[in-house]
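A.B. asks: Right, I'll just put the structure down here and ask away after.
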Amino acid sequence: MLLTMKSISYSAARDVYLEVGVEPETALETLSRTPISLHCWQGDDVGGFEREGALLEGGGIQATGNFPGKARTPDELRMDLDKALSLIPGHHRLNLHACYAELGGRTLDRNAYTLREFQSWVDWCRARQMGMDFNPTFFSHRLAADGLTLTHPDSAIRAFWIEHGIACRKIGAEMGRALGSPTVTNIWIPDGSKDMPYDRKSPRERLADSLDAILAEKINPAHSLDAVESKLFGIGSESYVAGSHEFYLGYAIRHDLLYCLDAGHFHPTESLADKISAILQFVPGLLLHVSRGVRWDSDHVTLFDDPTRGIMEELVRGQFLGRTHIGLDFFDASINRVAAWVIGTRAALKSLLAALLEPARLLKEAESSGDFTSRLAWFEEARTLPLGAVWDEFCRRSETPATGAWIREVKNYEKNVLAGRS
Ligand code: RNT
Ligand code: ZN
């Protein structure tokens, strides 16, 4: 009964879209082949499994909240991810950080990691036919305690982090080869300074040199693609970040790398959406860290809001989906962590669906004929087209609970599984 009702509302919604020149079937087709890379670190507050306890000092990443039920082991994290994936329509990827290595009781430092430490993750992804993305972890480590890694004035510390970067690129390539889908290996470092530095130049020179060393070896792009992620400021790097937007944009252009845009890494009044068509003139592709900053880079859970919709609109309007790797980057420890993944990923997908359902022809016609009245009118009218019915249809076809039903499932999981974790 419920299913029939859903199809009726979908077919009515489809008629409404057809009237404005949009075929929802095409949108659903594109949506179903666009993966989102789920970041493992939402499940345990960016803790990782190299050792007991969460974040060490050094890194300026802060998950706030103490909601019970955080994953304590790789198996628990994978179980939570499975739960989240069962409530998210579509087919997605896993984004793993090197600090989620499984050392099996051995003592091994990050510069010596190999695929072996990530084999369980690869097997888990293979069993689910998921691709994997990867990140060297330049934080939460004794050699990052002062918040400096690839720019460190001590060449021995720098060398350690360069070795880590090299090791991770190899691991990323092996993951990509093993899974038959290129891994995006993304470099983000926390390096910066709390107060005004006198010398802004030297750390950037060292960063360029360190990156040159890490990226020296060419890797088959069928196995792994390199990305670099900029940032404006962080906790403990309020006044200066070596890897700023200008630094990495220049570096990515010169070296033909993917550029990583994190939605929380710019002034709050800047539009990430506006940057996409500018940057893609000059780099081969983008990695997105879809996130939601509240007043600052707070990494709140992504929502179906105007900034996220704006990003997806640019990807669709510019036909950039083929050159963009969509990942998420939020970590909220104040609510059910599995629900956080589900809310954020569904919001990103819903935003993409809304973009795919824009009355593009009408908007283009209005704009090209100089009829800005109609353009504005259609922007506004489009906001209340029956997106929800098309979204529910997407969930139904993916055999995923639609609106509301998934919340009950996550609550049951909380009661039956998460509550048992101390
Ligand atoms: C930090 C960056 C970075 C991290 C992850 C854990 O500001 O956004 O992407 O959040 O690597
Ligand atoms: Zn990020």
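Simple scheme: letters A, B, ... for chains in structure tokens order, numbers from 1 for residues in each chain, numbers from 1 for ligands in the order shown.
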Can you tell me which residues come within 10 Å of ligand 1 when counting only C-alpha atoms and all ligand atoms, ideally as a ChimeraX atom specification?
C.D. replies: /A:39-42,45-47,59-63,95-99,134-139,186-190,228-235,260-265,288-291,297-299,327-331
A.B. asks: I need the residues of stretch 273-408 of chain A that end up classed as helix (DSSP H, G or I) by DSSP on the backbone, written out as a ChimeraX atom specification.
C.D. replies: /A:273-279,306-317,321-323,337-356,360-368,372-382,387-397,405-408
A.B. asks: Using only C-alpha atoms, which residues sit within 12 Å of A:Ala12 once same-chain residues fewer than 2 positions away are excluded, as a ChimeraX atom specification?
C.D. replies: /A:5-10,14-19,24,385-390,393
A.B. asks: What are the DSSP strand (DSSP E) residues of stretch 104-244 of chain A, as a PyMOL selection string?
C.D. replies: chain A and resi 132-135+183-187+192-193+224-229+240-241
A.B. asks: Any chance you can output those residues with C-alpha atoms as a PDB file, in the first residue's frame?
C.D. replies:
ATOM      1  CA  MET A 132      38.554   3.830  -1.383  1.00  0.00           C
ATOM      2  CA  ASP A 133      40.160   7.207  -0.843  1.00  0.00           C
ATOM      3  CA  PHE A 134      43.095   7.801   1.451  1.00  0.00           C
ATOM      4  CA  ASN A 135      44.825  10.451   3.556  1.00  0.00           C
ATOM      5  CA  THR A 183      42.081   6.270  -4.894  1.00  0.00           C
ATOM      6  CA  VAL A 184      42.210   9.997  -4.245  1.00  0.00           C
ATOM      7  CA  THR A 185      45.114  10.504  -1.866  1.00  0.00           C
ATOM      8  CA  ASN A 186      44.719  13.869  -0.179  1.00  0.00           C
ATOM      9  CA  ILE A 187      47.388  15.851   1.648  1.00  0.00           C
ATOM     10  CA  GLY A 192      50.844  27.298  10.862  1.00  0.00           C
ATOM     11  CA  SER A 193      51.175  29.658  13.743  1.00  0.00           C
ATOM     12  CA  SER A 224      45.747   6.948  -7.453  1.00  0.00           C
ATOM     13  CA  LEU A 225      45.253  10.686  -7.913  1.00  0.00           C
ATOM     14  CA  ASP A 226      46.917  13.270  -5.679  1.00  0.00           C
ATOM     15  CA  ALA A 227      45.033  16.126  -4.069  1.00  0.00           C
ATOM     16  CA  VAL A 228      46.171  19.011  -1.854  1.00  0.00           C
ATOM     17  CA  GLU A 229      43.902  20.724   0.687  1.00  0.00           C
ATOM     18  CA  TYR A 240      49.095  31.961   9.680  1.00  0.00           C
ATOM     19  CA  VAL A 241      48.635  28.711   7.755  1.00  0.00           C
TER      20      VAL A 241
END
A.B. asks: Report, in Å with one decimal, the straight-line distance from atom CA of A:Arg309 to atom CA of A:Ala273.
C.D. replies: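 The value is 8.7 Å.
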A.B. asks: Quick one, how far is atom CA of A:Ala71 from atom CA of A:Trp121?
C.D. replies: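 Calculated distance between atom CA of A:Ala71 and atom CA of A:Trp121 is 15.1 Å.
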A.B. asks: Check which residues of stretch 21-99 of chain A sit at most 7 Å from stretch 340-356 of chain A using only C-alpha atoms, and return one row each with the closest pair of atoms and their distance in Å to one decimal, ordered by chain and rising number, as a tab-separated table.
C.D. replies:
residue	atom	partner	partner_atom	distance
A:Ala27	CA	A:Leu356	CA	5.3
A:Leu31	CA	A:Leu353	CA	6.5
A:Gln42	CA	A:Trp341	CA	6.9
A:Ala84	CA	A:Val342	CA	5.7
A:Leu87	CA	A:Val342	CA	6.6
A:Ile88	CA	A:Val342	CA	6.1
A.B. asks: My list of candidates is A:Met312, A:Thr400, A:Ile279, A:Arg292. Which is closest to ligand 2 when distances are computed with only C-alpha atoms and all ligand atoms?
C.D. replies: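 Ranking A:Met312, A:Thr400, A:Ile279, A:Arg292 by distance to ligand 2, first place goes to A:Arg292.
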A.B. asks: Using only C-alpha atoms, which protein or nucleic acid residues come within 9 Å of A:Pro89? Drop anything in the same chain fewer than 6 positions from it, and give the result as number ranges by chain.
C.D. replies: A: 32, 346, 349, 394-402
A.B. asks: Counting only C-alpha atoms, what is within 12 Å of A:Ala222, bar same-chain residues fewer than 3 positions away, as a PyMOL selection string?
C.D. replies: chain A and resi 172-184+218-219+225-226
A.B. asks: Choose the residue, out of A:Pro307, A:Gly420, A:Gly293, A:Gly236, that has the smallest atom-to-atom separation from ligand 2; count only C-alpha atoms and all ligand atoms.
C.D. replies: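 Checking each of A:Pro307, A:Gly420, A:Gly293, A:Gly236 against ligand 2, counting only C-alpha atoms and all ligand atoms, the winner is A:Gly293.
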A.B. asks: Could you please determine the separation between atom CA of A:Ser237 and atom CA of A:Cys168 in Å, to one decimal place?
C.D. replies: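 Computed distance, atom CA of A:Ser237 to atom CA of A:Cys168, equals 24.8 Å.
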A.B. asks: Restricting the calculation to only C-alpha atoms: of A:Arg206, A:Asn412, A:Ala242, A:Ile253, which residue gets closest to A:Ala159?
C.D. replies: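 Between A:Arg206, A:Asn412, A:Ala242, A:Ile253, the residue approaching A:Ala159 most closely is A:Arg206.
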A.B. asks: Neighbours of A:Ser210 within 10 Å (only C-alpha atoms; same-chain residues fewer than 2 positions away dropped), as a PDB file with N, CA, C and O atoms, in the first residue's frame?
C.D. replies:
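Result went into selection_15.pdb, see below:
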ATOM      1  N   THR A 149      54.728  19.931  10.617  1.00  0.00           N
ATOM      2  CA  THR A 149      55.101  18.650   9.998  1.00  0.00           C
ATOM      3  C   THR A 149      55.990  18.897   8.771  1.00  0.00           C
ATOM      4  O   THR A 149      57.195  18.997   8.892  1.00  0.00           O
ATOM      5  N   LEU A 150      55.367  19.056   7.619  1.00  0.00           N
ATOM      6  CA  LEU A 150      56.157  19.228   6.385  1.00  0.00           C
ATOM      7  C   LEU A 150      56.879  20.567   6.316  1.00  0.00           C
ATOM      8  O   LEU A 150      57.715  20.768   5.439  1.00  0.00           O
ATOM      9  N   THR A 151      56.554  21.490   7.214  1.00  0.00           N
ATOM     10  CA  THR A 151      57.270  22.781   7.214  1.00  0.00           C
ATOM     11  C   THR A 151      58.241  22.870   8.389  1.00  0.00           C
ATOM     12  O   THR A 151      58.817  23.927   8.645  1.00  0.00           O
ATOM     13  N   HIS A 152      58.364  21.788   9.137  1.00  0.00           N
ATOM     14  CA  HIS A 152      59.160  21.852  10.374  1.00  0.00           C
ATOM     15  C   HIS A 152      60.582  22.339  10.091  1.00  0.00           C
ATOM     16  O   HIS A 152      61.220  21.872   9.155  1.00  0.00           O
ATOM     17  N   ARG A 158      60.960  16.820   9.453  1.00  0.00           N
ATOM     18  CA  ARG A 158      60.422  16.977   8.097  1.00  0.00           C
ATOM     19  C   ARG A 158      60.589  15.670   7.305  1.00  0.00           C
ATOM     20  O   ARG A 158      59.674  15.218   6.629  1.00  0.00           O
ATOM     21  N   ALA A 159      61.758  15.090   7.449  1.00  0.00           N
ATOM     22  CA  ALA A 159      62.044  13.850   6.692  1.00  0.00           C
ATOM     23  C   ALA A 159      61.077  12.742   7.089  1.00  0.00           C
ATOM     24  O   ALA A 159      60.602  11.980   6.238  1.00  0.00           O
ATOM     25  N   TRP A 161      58.015  13.062   8.078  1.00  0.00           N
ATOM     26  CA  TRP A 161      56.694  13.316   7.474  1.00  0.00           C
ATOM     27  C   TRP A 161      56.715  13.147   5.956  1.00  0.00           C
ATOM     28  O   TRP A 161      55.718  12.732   5.352  1.00  0.00           O
ATOM     29  N   ILE A 162      57.861  13.445   5.365  1.00  0.00           N
ATOM     30  CA  ILE A 162      57.980  13.186   3.917  1.00  0.00           C
ATOM     31  C   ILE A 162      57.873  11.680   3.660  1.00  0.00           C
ATOM     32  O   ILE A 162      57.154  11.236   2.764  1.00  0.00           O
ATOM     33  N   GLU A 163      58.550  10.906   4.512  1.00  0.00           N
ATOM     34  CA  GLU A 163      58.474   9.447   4.355  1.00  0.00           C
ATOM     35  C   GLU A 163      57.034   8.954   4.531  1.00  0.00           C
ATOM     36  O   GLU A 163      56.585   8.042   3.839  1.00  0.00           O
ATOM     37  N   GLY A 165      54.344  10.645   3.852  1.00  0.00           N
ATOM     38  CA  GLY A 165      53.620  11.018   2.632  1.00  0.00           C
ATOM     39  C   GLY A 165      53.914  10.053   1.492  1.00  0.00           C
ATOM     40  O   GLY A 165      53.003   9.627   0.767  1.00  0.00           O
ATOM     41  N   ARG A 204      56.769  28.158   3.850  1.00  0.00           N
ATOM     42  CA  ARG A 204      56.171  27.835   2.540  1.00  0.00           C
ATOM     43  C   ARG A 204      57.226  27.283   1.585  1.00  0.00           C
ATOM     44  O   ARG A 204      56.916  26.394   0.769  1.00  0.00           O
ATOM     45  N   GLU A 205      58.430  27.795   1.695  1.00  0.00           N
ATOM     46  CA  GLU A 205      59.495  27.213   0.858  1.00  0.00           C
ATOM     47  C   GLU A 205      59.743  25.762   1.259  1.00  0.00           C
ATOM     48  O   GLU A 205      59.896  24.884   0.409  1.00  0.00           O
ATOM     49  N   ARG A 206      59.755  25.529   2.573  1.00  0.00           N
ATOM     50  CA  ARG A 206      59.979  24.149   3.038  1.00  0.00           C
ATOM     51  C   ARG A 206      58.810  23.262   2.628  1.00  0.00           C
ATOM     52  O   ARG A 206      59.000  22.108   2.247  1.00  0.00           O
ATOM     53  N   LEU A 207      57.597  23.802   2.689  1.00  0.00           N
ATOM     54  CA  LEU A 207      56.427  22.999   2.290  1.00  0.00           C
ATOM     55  C   LEU A 207      56.523  22.616   0.807  1.00  0.00           C
ATOM     56  O   LEU A 207      56.289  21.458   0.439  1.00  0.00           O
ATOM     57  N   ALA A 208      56.879  23.568  -0.023  1.00  0.00           N
ATOM     58  CA  ALA A 208      57.006  23.254  -1.461  1.00  0.00           C
ATOM     59  C   ALA A 208      58.065  22.175  -1.670  1.00  0.00           C
ATOM     60  O   ALA A 208      57.847  21.223  -2.434  1.00  0.00           O
ATOM     61  N   ASP A 212      57.416  18.451  -3.089  1.00  0.00           N
ATOM     62  CA  ASP A 212      58.164  17.973  -4.266  1.00  0.00           C
ATOM     63  C   ASP A 212      58.730  16.582  -3.998  1.00  0.00           C
ATOM     64  O   ASP A 212      58.692  15.707  -4.870  1.00  0.00           O
ATOM     65  N   ALA A 213      59.249  16.406  -2.776  1.00  0.00           N
ATOM     66  CA  ALA A 213      59.857  15.100  -2.448  1.00  0.00           C
ATOM     67  C   ALA A 213      58.787  14.016  -2.366  1.00  0.00           C
ATOM     68  O   ALA A 213      58.962  12.898  -2.865  1.00  0.00           O
ATOM     69  N   ILE A 214      57.660  14.343  -1.758  1.00  0.00           N
ATOM     70  CA  ILE A 214      56.581  13.341  -1.620  1.00  0.00           C
ATOM     71  C   ILE A 214      56.021  12.952  -2.988  1.00  0.00           C
ATOM     72  O   ILE A 214      55.735  11.782  -3.249  1.00  0.00           O
ATOM     73  N   LEU A 215      55.891  13.946  -3.855  1.00  0.00           N
ATOM     74  CA  LEU A 215      55.191  13.718  -5.125  1.00  0.00           C
ATOM     75  C   LEU A 215      56.135  13.379  -6.276  1.00  0.00           C
ATOM     76  O   LEU A 215      55.693  13.273  -7.427  1.00  0.00           O
ATOM     77  N   ALA A 216      57.418  13.202  -5.948  1.00  0.00           N
ATOM     78  CA  ALA A 216      58.409  13.005  -7.021  1.00  0.00           C
ATOM     79  C   ALA A 216      58.069  11.792  -7.885  1.00  0.00           C
ATOM     80  O   ALA A 216      58.196  11.837  -9.101  1.00  0.00           O
TER      81      ALA A 216
END
